[in-house]
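Novice: Pasting work-v7.cif here (mmCIF, C-alpha atoms):
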```cif
data_entry
#
loop_
_atom_site.label_atom_id
_atom_site.label_comp_id
_atom_site.auth_asym_id
_atom_site.auth_seq_id
_atom_site.Cartn_x
_atom_site.Cartn_y
_atom_site.Cartn_z
CA MET T 646 0.00 0.00 0.00
CA ASN T 647 1.59 3.29 -1.11
CA GLU T 648 0.12 5.84 1.20
CA PHE T 649 0.58 8.65 3.70
CA ARG T 650 -1.95 8.54 6.50
CA ILE T 651 -2.77 10.48 9.67
CA GLU T 652 -4.14 8.53 12.62
CA ALA T 653 -5.79 9.93 15.74
CA ALA T 654 -5.61 6.54 17.47
CA VAL T 655 -2.96 3.88 18.12
CA PHE T 656 -2.24 1.72 15.07
CA GLN T 657 -0.55 -1.67 14.71
CA PRO T 658 2.65 -1.70 12.59
CA GLU T 659 2.58 -5.51 12.44
CA ARG T 660 -0.80 -5.36 10.76
CA GLU T 661 0.18 -2.47 8.45
CA LYS T 662 3.27 -4.40 7.38
CA LEU T 663 1.10 -7.01 5.65
CA SER T 664 0.12 -4.50 2.94
CA LEU T 665 3.78 -4.10 1.86
CA MET T 666 4.56 -7.79 1.51
CA ASP T 667 5.29 -8.94 -2.00
CA PRO T 668 6.98 -12.06 -3.38
CA SER T 669 9.37 -9.87 -5.40
CA CYS T 670 10.67 -8.13 -2.25
CA GLY T 671 13.83 -9.25 -0.47
CA GLY T 672 14.17 -6.18 1.76
CA PHE T 673 11.86 -4.46 4.22
CA VAL T 674 12.97 -1.37 6.19
CA THR T 675 11.02 0.57 8.80
CA PHE T 676 11.64 3.68 10.82
CA GLU T 677 9.77 4.32 14.06
CA GLY T 678 9.78 7.76 15.61
CA TRP T 679 9.10 7.56 19.37
CA VAL T 680 8.22 10.24 21.88
CA ARG T 681 11.42 11.04 23.81
CA ASN T 682 11.56 12.26 27.40
CA ARG T 683 14.01 15.12 26.76
CA ASN T 684 14.33 17.90 24.22
CA ASP T 685 16.62 20.92 24.26
CA GLY T 686 17.63 20.21 27.84
CA GLN T 687 14.06 20.11 29.11
CA GLN T 688 12.31 17.10 30.59
CA VAL T 689 9.30 16.30 28.41
CA LEU T 690 6.24 14.69 29.99
CA SER T 691 3.98 14.36 26.94
CA LEU T 692 3.32 15.77 23.50
CA GLU T 693 0.52 16.89 21.28
CA TYR T 694 0.64 16.66 17.49
CA GLN T 695 -1.67 18.81 15.42
CA ALA T 696 -2.05 18.55 11.63
CA TYR T 697 -3.42 20.76 8.90
CA GLU T 698 -4.91 17.60 7.60
CA ALA T 699 -6.06 18.58 4.08
CA LEU T 700 -2.60 19.83 3.07
CA ALA T 701 -0.64 17.34 5.20
CA LEU T 702 -2.28 14.45 3.33
CA LYS T 703 -1.50 16.04 -0.04
CA GLU T 704 2.12 16.77 0.82
CA GLY T 705 2.68 13.40 2.48
CA THR T 706 1.20 11.63 -0.56
CA ARG T 707 3.56 13.61 -2.81
CA ILE T 708 6.55 12.52 -0.70
CA ILE T 709 5.56 8.85 -0.98
CA ALA T 710 5.20 9.27 -4.77
CA GLU T 711 8.64 10.93 -4.95
CA ALA T 712 10.23 8.06 -3.02
CA LEU T 713 8.72 5.53 -5.43
CA GLU T 714 9.97 7.55 -8.39
CA ARG T 715 13.50 8.18 -7.10
CA PHE T 716 14.26 4.73 -5.74
CA PRO T 717 13.46 1.34 -7.26
CA VAL T 718 11.26 0.21 -4.38
CA THR T 719 8.01 -1.73 -4.42
CA SER T 720 5.93 -0.08 -1.68
CA ALA T 721 6.21 2.84 0.73
CA LEU T 722 3.86 3.70 3.58
CA CYS T 723 3.98 6.38 6.26
CA ILE T 724 1.58 6.82 9.16
CA HIS T 725 1.75 9.86 11.46
CA ARG T 726 -0.12 10.18 14.73
CA VAL T 727 -1.97 13.27 15.90
CA GLY T 728 -3.38 14.11 19.32
CA ARG T 729 -1.90 13.62 22.78
CA LEU T 730 1.02 11.16 23.04
CA GLU T 731 3.00 9.87 26.01
CA ILE T 732 6.71 9.07 26.37
CA GLY T 733 7.60 6.00 24.35
CA ASP T 734 4.55 6.19 22.10
CA LEU T 735 4.94 5.61 18.39
CA ALA T 736 4.57 9.01 16.70
CA VAL T 737 5.50 8.19 13.13
CA TRP T 738 6.08 4.97 11.21
CA VAL T 739 7.70 4.64 7.78
CA ALA T 740 7.89 1.32 5.96
CA VAL T 741 9.44 0.46 2.61
CA SER T 742 9.66 -2.85 0.80
CA ALA T 743 11.97 -3.42 -2.16
CA GLY T 744 13.79 -6.04 -4.15
CA HIS T 745 17.01 -5.25 -2.27
CA ARG T 746 17.97 -3.60 1.01
CA ASP T 747 19.97 -0.63 -0.23
CA GLU T 748 17.10 1.10 -2.01
CA ALA T 749 14.75 0.25 0.85
CA PHE T 750 17.07 2.00 3.37
CA ARG T 751 17.50 5.03 1.11
CA ALA T 752 13.81 5.43 0.34
CA CYS T 753 12.90 5.08 4.03
CA ARG T 754 15.41 7.78 4.96
CA TYR T 755 14.10 10.03 2.18
CA VAL T 756 10.50 9.72 3.37
CA ILE T 757 11.16 10.51 7.04
CA ASP T 758 13.48 13.43 6.24
CA GLU T 759 11.02 15.03 3.82
CA ILE T 760 8.05 14.43 6.14
CA LYS T 761 9.80 16.29 8.95
CA HIS T 762 10.58 19.27 6.74
CA ARG T 763 7.53 19.65 4.56
CA VAL T 764 4.33 18.24 6.04
CA PRO T 765 2.23 20.73 8.04
CA ILE T 766 2.20 18.90 11.36
CA TRP T 767 3.14 20.65 14.61
CA LYS T 768 4.34 19.35 17.94
CA LYS T 769 3.61 20.86 21.32
CA GLU T 770 5.77 19.66 24.20
CA TYR T 771 4.60 19.66 27.82
CA TYR T 772 7.53 19.97 30.22
CA ALA T 773 8.14 18.83 33.79
CA SER T 774 8.64 22.51 34.69
CA GLY T 775 4.95 23.15 33.94
CA ASP T 776 5.84 25.03 30.76
CA SER T 777 4.77 24.00 27.31
CA GLY T 778 5.67 25.11 23.82
CA TRP T 779 5.22 24.56 20.10
CA VAL T 780 8.53 23.17 18.85
CA ASN T 781 10.34 25.49 16.40
CA CYS T 782 7.74 28.22 16.98
CA GLU T 783 8.37 29.78 20.37
CA ALA T 784 10.84 28.76 23.05
CA CYS T 785 13.27 27.57 20.41
CA ALA T 786 12.36 30.05 17.66
CA SER T 787 15.68 31.83 18.08
CA HIS T 788 17.72 28.68 17.66
CA ALA T 789 15.46 26.38 15.66
CA HIS T 790 17.36 23.33 14.52
CA GLU T 791 16.92 19.82 13.21
CA HIS T 792 16.45 16.76 15.36
CA MET W 917 -13.50 44.23 0.14
CA LYS W 918 -12.85 40.51 -0.07
CA ARG W 919 -14.28 37.80 2.12
CA ILE W 920 -11.42 35.53 3.20
CA ALA W 921 -11.65 32.49 5.45
CA VAL W 922 -8.59 31.97 7.62
CA GLU W 923 -7.82 28.73 9.46
CA TYR W 924 -5.38 28.70 12.37
CA PHE W 925 -3.14 25.91 13.61
CA ALA W 926 -0.66 25.35 16.42
CA ILE W 927 0.73 28.54 17.93
CA LEU W 928 -1.44 30.76 15.74
CA ARG W 929 -4.55 28.95 16.98
CA GLU W 930 -3.44 29.59 20.56
CA ARG W 931 -2.63 33.25 19.97
CA THR W 932 -5.94 33.98 18.23
CA GLY W 933 -8.06 31.66 20.37
CA LEU W 934 -9.75 30.62 17.11
CA ASP W 935 -9.49 27.66 14.80
CA HIS W 936 -10.97 29.70 11.98
CA GLU W 937 -12.61 33.00 11.18
CA THR W 938 -13.98 34.82 8.15
CA LEU W 939 -12.58 38.27 7.51
CA GLN W 940 -13.52 41.21 5.34
CA THR W 941 -10.25 42.64 4.14
CA HIS W 942 -8.80 45.15 1.71
CA THR W 943 -5.50 43.29 1.56
CA ASN W 944 -4.55 41.78 -1.79
CA THR W 945 -1.89 39.22 -0.88
CA PRO W 946 -1.24 36.69 1.89
CA ALA W 947 1.78 38.81 2.90
CA ASP W 948 -0.40 41.87 3.51
CA LEU W 949 -3.10 39.81 5.23
CA PHE W 950 -0.52 38.24 7.56
CA ALA W 951 0.84 41.68 8.44
CA GLU W 952 -2.70 42.86 9.23
CA LEU W 953 -3.34 39.84 11.48
CA GLN W 954 0.06 40.18 13.14
CA LEU W 955 -0.95 43.63 14.31
CA ARG W 956 -4.28 42.40 15.61
CA TYR W 957 -3.07 39.27 17.40
CA ASP W 958 0.57 39.93 18.22
CA PHE W 959 1.92 36.76 16.61
CA PRO W 960 5.41 35.75 17.73
CA LYS W 961 8.33 36.44 15.39
CA MET W 962 9.00 33.27 13.45
CA ALA W 963 11.31 32.56 10.54
CA GLY W 964 10.10 30.35 7.72
CA VAL W 965 6.32 30.78 7.95
CA LYS W 966 4.60 29.47 4.79
CA VAL W 967 1.16 30.06 3.39
CA ALA W 968 -1.51 27.91 1.75
CA ILE W 969 -4.47 29.09 -0.30
CA ASN W 970 -7.37 26.67 -0.74
CA ASP W 971 -5.34 23.79 0.72
CA GLU W 972 -2.30 24.19 -1.53
CA PHE W 973 1.05 25.87 -0.83
CA ALA W 974 1.05 29.36 -2.34
CA ASP W 975 3.32 32.33 -2.90
CA TRP W 976 3.19 35.19 -0.40
CA GLN W 977 2.49 37.58 -3.30
CA CYS W 978 -0.24 35.46 -4.92
CA PRO W 979 -3.35 37.66 -5.42
CA LEU W 980 -6.18 36.81 -3.01
CA GLN W 981 -9.62 36.16 -4.48
CA ASP W 982 -12.95 36.68 -2.80
CA GLY W 983 -13.91 33.42 -1.05
CA ASP W 984 -10.37 32.04 -0.68
CA THR W 985 -9.38 30.03 2.36
CA VAL W 986 -5.95 30.98 3.70
CA VAL W 987 -3.78 29.08 6.17
CA PHE W 988 -0.54 30.47 7.60
CA ILE W 989 1.88 27.64 8.34
CA PRO W 990 4.31 28.22 11.22
CA PRO W 991 7.53 26.16 11.22
CA VAL W 992 6.52 22.50 11.16
CA ALA W 993 7.73 19.85 13.59
CA GLY W 994 6.37 16.48 12.51
CA GLY W 995 8.21 13.21 12.93
#
```
Please express the file's structure as structure tokens.
Specialist:
Amino acid sequence: MNEFRIEAAVFQPEREKLSLMDPSCGGFVTFEGWVRNRNDGQQVLSLEYQAYEALALKEGTRIIAEALERFPVTSALCIHRVGRLEIGDLAVWVAVSAGHRDEAFRACRYVIDEIKHRVPIWKKEYYASGDSGWVNCEACASHAHEH
Amino acid sequence: MKRIAVEYFAILRERTGLDHETLQTHTNTPADLFAELQLRYDFPKMAGVKVAINDEFADWQCPLQDGDTVVFIPPVAGG
């Protein structure tokens, strides 16, 4: 299944994986982005993801199409969560199946990197200090950087 | 006067207290509309804000049409 999807609820990667299986594929690569307990020196308690869904779906779908065009892979799928997430939760999942491993690794890397840069999804962090902030928009606006 | 629908996300939603509103405006471009809203709502200074018109990325100087929906996109942080 070649798709970019946004999910408000927990999803099951093991089940999603079935849609990428193909007898011609000898390689399957996934990336899981998890909610981490620290960012920029602050202790993070939980997160909230918000999406501009109409455009996020369009841009995410374009990224999947680009990955399939640039790399000789069979299938690519990305699922991004929205809503409130806790430490350790699965926030984003990218999966690529291909004839061989090298293109699967490269396409997977391409998808996650482009998703982070281009898709209109925002992350609000809630800190142990009681503070909270939209990442890249306020507290860290002056020194926004890549993670 | 044009009637423009504006949707807000993330920090802009918090600053305005709105997820959307419909405005009557004399402004002709997203750049001018954003400047007008910045005065009204005191948006934080952010580098790299983008704009979408009718759910597609657009140029800041693209002429606004009556009935357009505009979304200002603060720096994203997915993944």
Novice: For Glu923 of chain W, which of W:Pro960, W:Val992, W:Asn970, W:Asp975 is the closest residue, counting only C-alpha atoms?
Specialist: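 Closest to Glu923 of chain W of all the choices is W:Asn970.
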Novice: Quick one: which residues end up in the PyMOL selection byres ((chain T) within 9 of (chain W)) for this structure, as a PyMOL selection string?
Specialist: chain T and resi 678-679+694-697+699-700+703-704+725+736-738+757-758+760-769+778-783+786-787
Novice: Could you write out the selected residues, including C-alpha atoms, as a PDB file, in the frame of the given file?
Specialist:
```
ATOM      1  CA  GLY T 678       9.780   7.760  15.610  1.00  0.00           C
ATOM      2  CA  TRP T 679       9.100   7.560  19.370  1.00  0.00           C
ATOM      3  CA  TYR T 694       0.640  16.660  17.490  1.00  0.00           C
ATOM      4  CA  GLN T 695      -1.670  18.810  15.420  1.00  0.00           C
ATOM      5  CA  ALA T 696      -2.050  18.550  11.630  1.00  0.00           C
ATOM      6  CA  TYR T 697      -3.420  20.760   8.900  1.00  0.00           C
ATOM      7  CA  ALA T 699      -6.060  18.580   4.080  1.00  0.00           C
ATOM      8  CA  LEU T 700      -2.600  19.830   3.070  1.00  0.00           C
ATOM      9  CA  LYS T 703      -1.500  16.040  -0.040  1.00  0.00           C
ATOM     10  CA  GLU T 704       2.120  16.770   0.820  1.00  0.00           C
ATOM     11  CA  HIS T 725       1.750   9.860  11.460  1.00  0.00           C
ATOM     12  CA  ALA T 736       4.570   9.010  16.700  1.00  0.00           C
ATOM     13  CA  VAL T 737       5.500   8.190  13.130  1.00  0.00           C
ATOM     14  CA  TRP T 738       6.080   4.970  11.210  1.00  0.00           C
ATOM     15  CA  ILE T 757      11.160  10.510   7.040  1.00  0.00           C
ATOM     16  CA  ASP T 758      13.480  13.430   6.240  1.00  0.00           C
ATOM     17  CA  ILE T 760       8.050  14.430   6.140  1.00  0.00           C
ATOM     18  CA  LYS T 761       9.800  16.290   8.950  1.00  0.00           C
ATOM     19  CA  HIS T 762      10.580  19.270   6.740  1.00  0.00           C
ATOM     20  CA  ARG T 763       7.530  19.650   4.560  1.00  0.00           C
ATOM     21  CA  VAL T 764       4.330  18.240   6.040  1.00  0.00           C
ATOM     22  CA  PRO T 765       2.230  20.730   8.040  1.00  0.00           C
ATOM     23  CA  ILE T 766       2.200  18.900  11.360  1.00  0.00           C
ATOM     24  CA  TRP T 767       3.140  20.650  14.610  1.00  0.00           C
ATOM     25  CA  LYS T 768       4.340  19.350  17.940  1.00  0.00           C
ATOM     26  CA  LYS T 769       3.610  20.860  21.320  1.00  0.00           C
ATOM     27  CA  GLY T 778       5.670  25.110  23.820  1.00  0.00           C
ATOM     28  CA  TRP T 779       5.220  24.560  20.100  1.00  0.00           C
ATOM     29  CA  VAL T 780       8.530  23.170  18.850  1.00  0.00           C
ATOM     30  CA  ASN T 781      10.340  25.490  16.400  1.00  0.00           C
ATOM     31  CA  CYS T 782       7.740  28.220  16.980  1.00  0.00           C
ATOM     32  CA  GLU T 783       8.370  29.780  20.370  1.00  0.00           C
ATOM     33  CA  ALA T 786      12.360  30.050  17.660  1.00  0.00           C
ATOM     34  CA  SER T 787      15.680  31.830  18.080  1.00  0.00           C
TER      35      SER T 787
END
```
Novice: Would you mind reading off the distance between atom CA of Tyr772 of chain T and atom CA of Gln688 of chain T, one decimal, in Å?
Specialist: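 For atom CA of Tyr772 of chain T relative to atom CA of Gln688 of chain T, the distance reads 5.6 Å.
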Novice: Pick the closest to Gly775 of chain T from T:Ser691, T:Glu698, T:Arg660, T:Ile732: which is it, counting all atoms listed in the file?
Specialist: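 Of T:Ser691, T:Glu698, T:Arg660, T:Ile732, the one nearest Gly775 of chain T is T:Ser691, counting all atoms listed in the file.
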Novice: With distances taken over all atoms listed in the file, which of T:Asn682, T:Thr706, T:Ser664, T:Thr675 is nearest to Phe649 of chain T?
Specialist: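 Residue with the minimum atom-to-atom distance to Phe649 of chain T: T:Thr706.
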Novice: Identify which of the residues W:Gln977, W:Phe988, W:Ala921, W:Asp982 lies closest to His942 of chain W, counting only C-alpha atoms when measuring atom-to-atom distances.
Specialist: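 With only C-alpha atoms as the atom set, the closest residue is W:Asp982.
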Novice: One decimal, in Å: what's the spacing between atom CA of Leu980 of chain W and atom CA of Gln954 of chain W?
Specialist: 17.6 Å
Novice: Could you tell me which residues the PyMOL selection byres ((chain T and resi 773) around 9) returns for this structure, as a ChimeraX atom specification?
Specialist: /T:687-690,771-772,774-777
Novice: Please measure the separation of atom CA of Ile708 of chain T and atom CA of Phe673 of chain T, giving the value in Å to one decimal.
Specialist: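 Atom CA of Ile708 of chain T sits 18.5 Å away from atom CA of Phe673 of chain T.
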Novice: Name the residues captured by the PyMOL selection byres ((chain T and resi 653) around 9) when it is applied to the shown file; answer as a VMD selection string.
Specialist: chain T and resid 651 to 652 654 to 656 725 to 729
Novice: Here's a test: counting only C-alpha atoms, identify every protein, DNA and RNA residue with an atom at most 9 Å from (-15.2, 31.0, 12.9) in the file's coordinate frame, and state them as a list of chain:residue names.
Specialist: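 The residues near that point, listed by chain and number, are W:Ala921, W:Val922, W:Glu923, W:Leu934, W:Asp935, W:His936, W:Glu937, W:Thr938.
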Novice: Output C-alpha atoms for every residue in that selection, as an mmCIF file, in the coordinates of the input.
Specialist:
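And here's result-v8.cif as it stands now:
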```
data_model
loop_
_atom_site.group_PDB
_atom_site.id
_atom_site.type_symbol
_atom_site.label_atom_id
_atom_site.label_comp_id
_atom_site.auth_asym_id
_atom_site.auth_seq_id
_atom_site.Cartn_x
_atom_site.Cartn_y
_atom_site.Cartn_z
ATOM 1 C CA ALA W 921 -11.650 32.490 5.450
ATOM 2 C CA VAL W 922 -8.590 31.970 7.620
ATOM 3 C CA GLU W 923 -7.820 28.730 9.460
ATOM 4 C CA LEU W 934 -9.750 30.620 17.110
ATOM 5 C CA ASP W 935 -9.490 27.660 14.800
ATOM 6 C CA HIS W 936 -10.970 29.700 11.980
ATOM 7 C CA GLU W 937 -12.610 33.000 11.180
ATOM 8 C CA THR W 938 -13.980 34.820 8.150
#
```
Novice: In terms of the shortest atom-to-atom distance over only C-alpha atoms, which of T:Glu693, T:Ala701, T:Thr719, T:Ala740 is closest to Pro658 of chain T?
Specialist: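 Between T:Glu693, T:Ala701, T:Thr719, T:Ala740, the residue approaching Pro658 of chain T most closely is T:Ala740.
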Novice: Find the residues near Tyr957 of chain W: any atom within 10 Å, counting all atoms listed in the file, skip ones fewer than 2 places away on the same chain, and give them as a list in words.
Specialist: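 In the requested form, the answer reads Leu928, Arg931, Thr932, Gly933, Glu952, Leu953, Gln954, Leu955, Phe959 and Pro960 of chain W.
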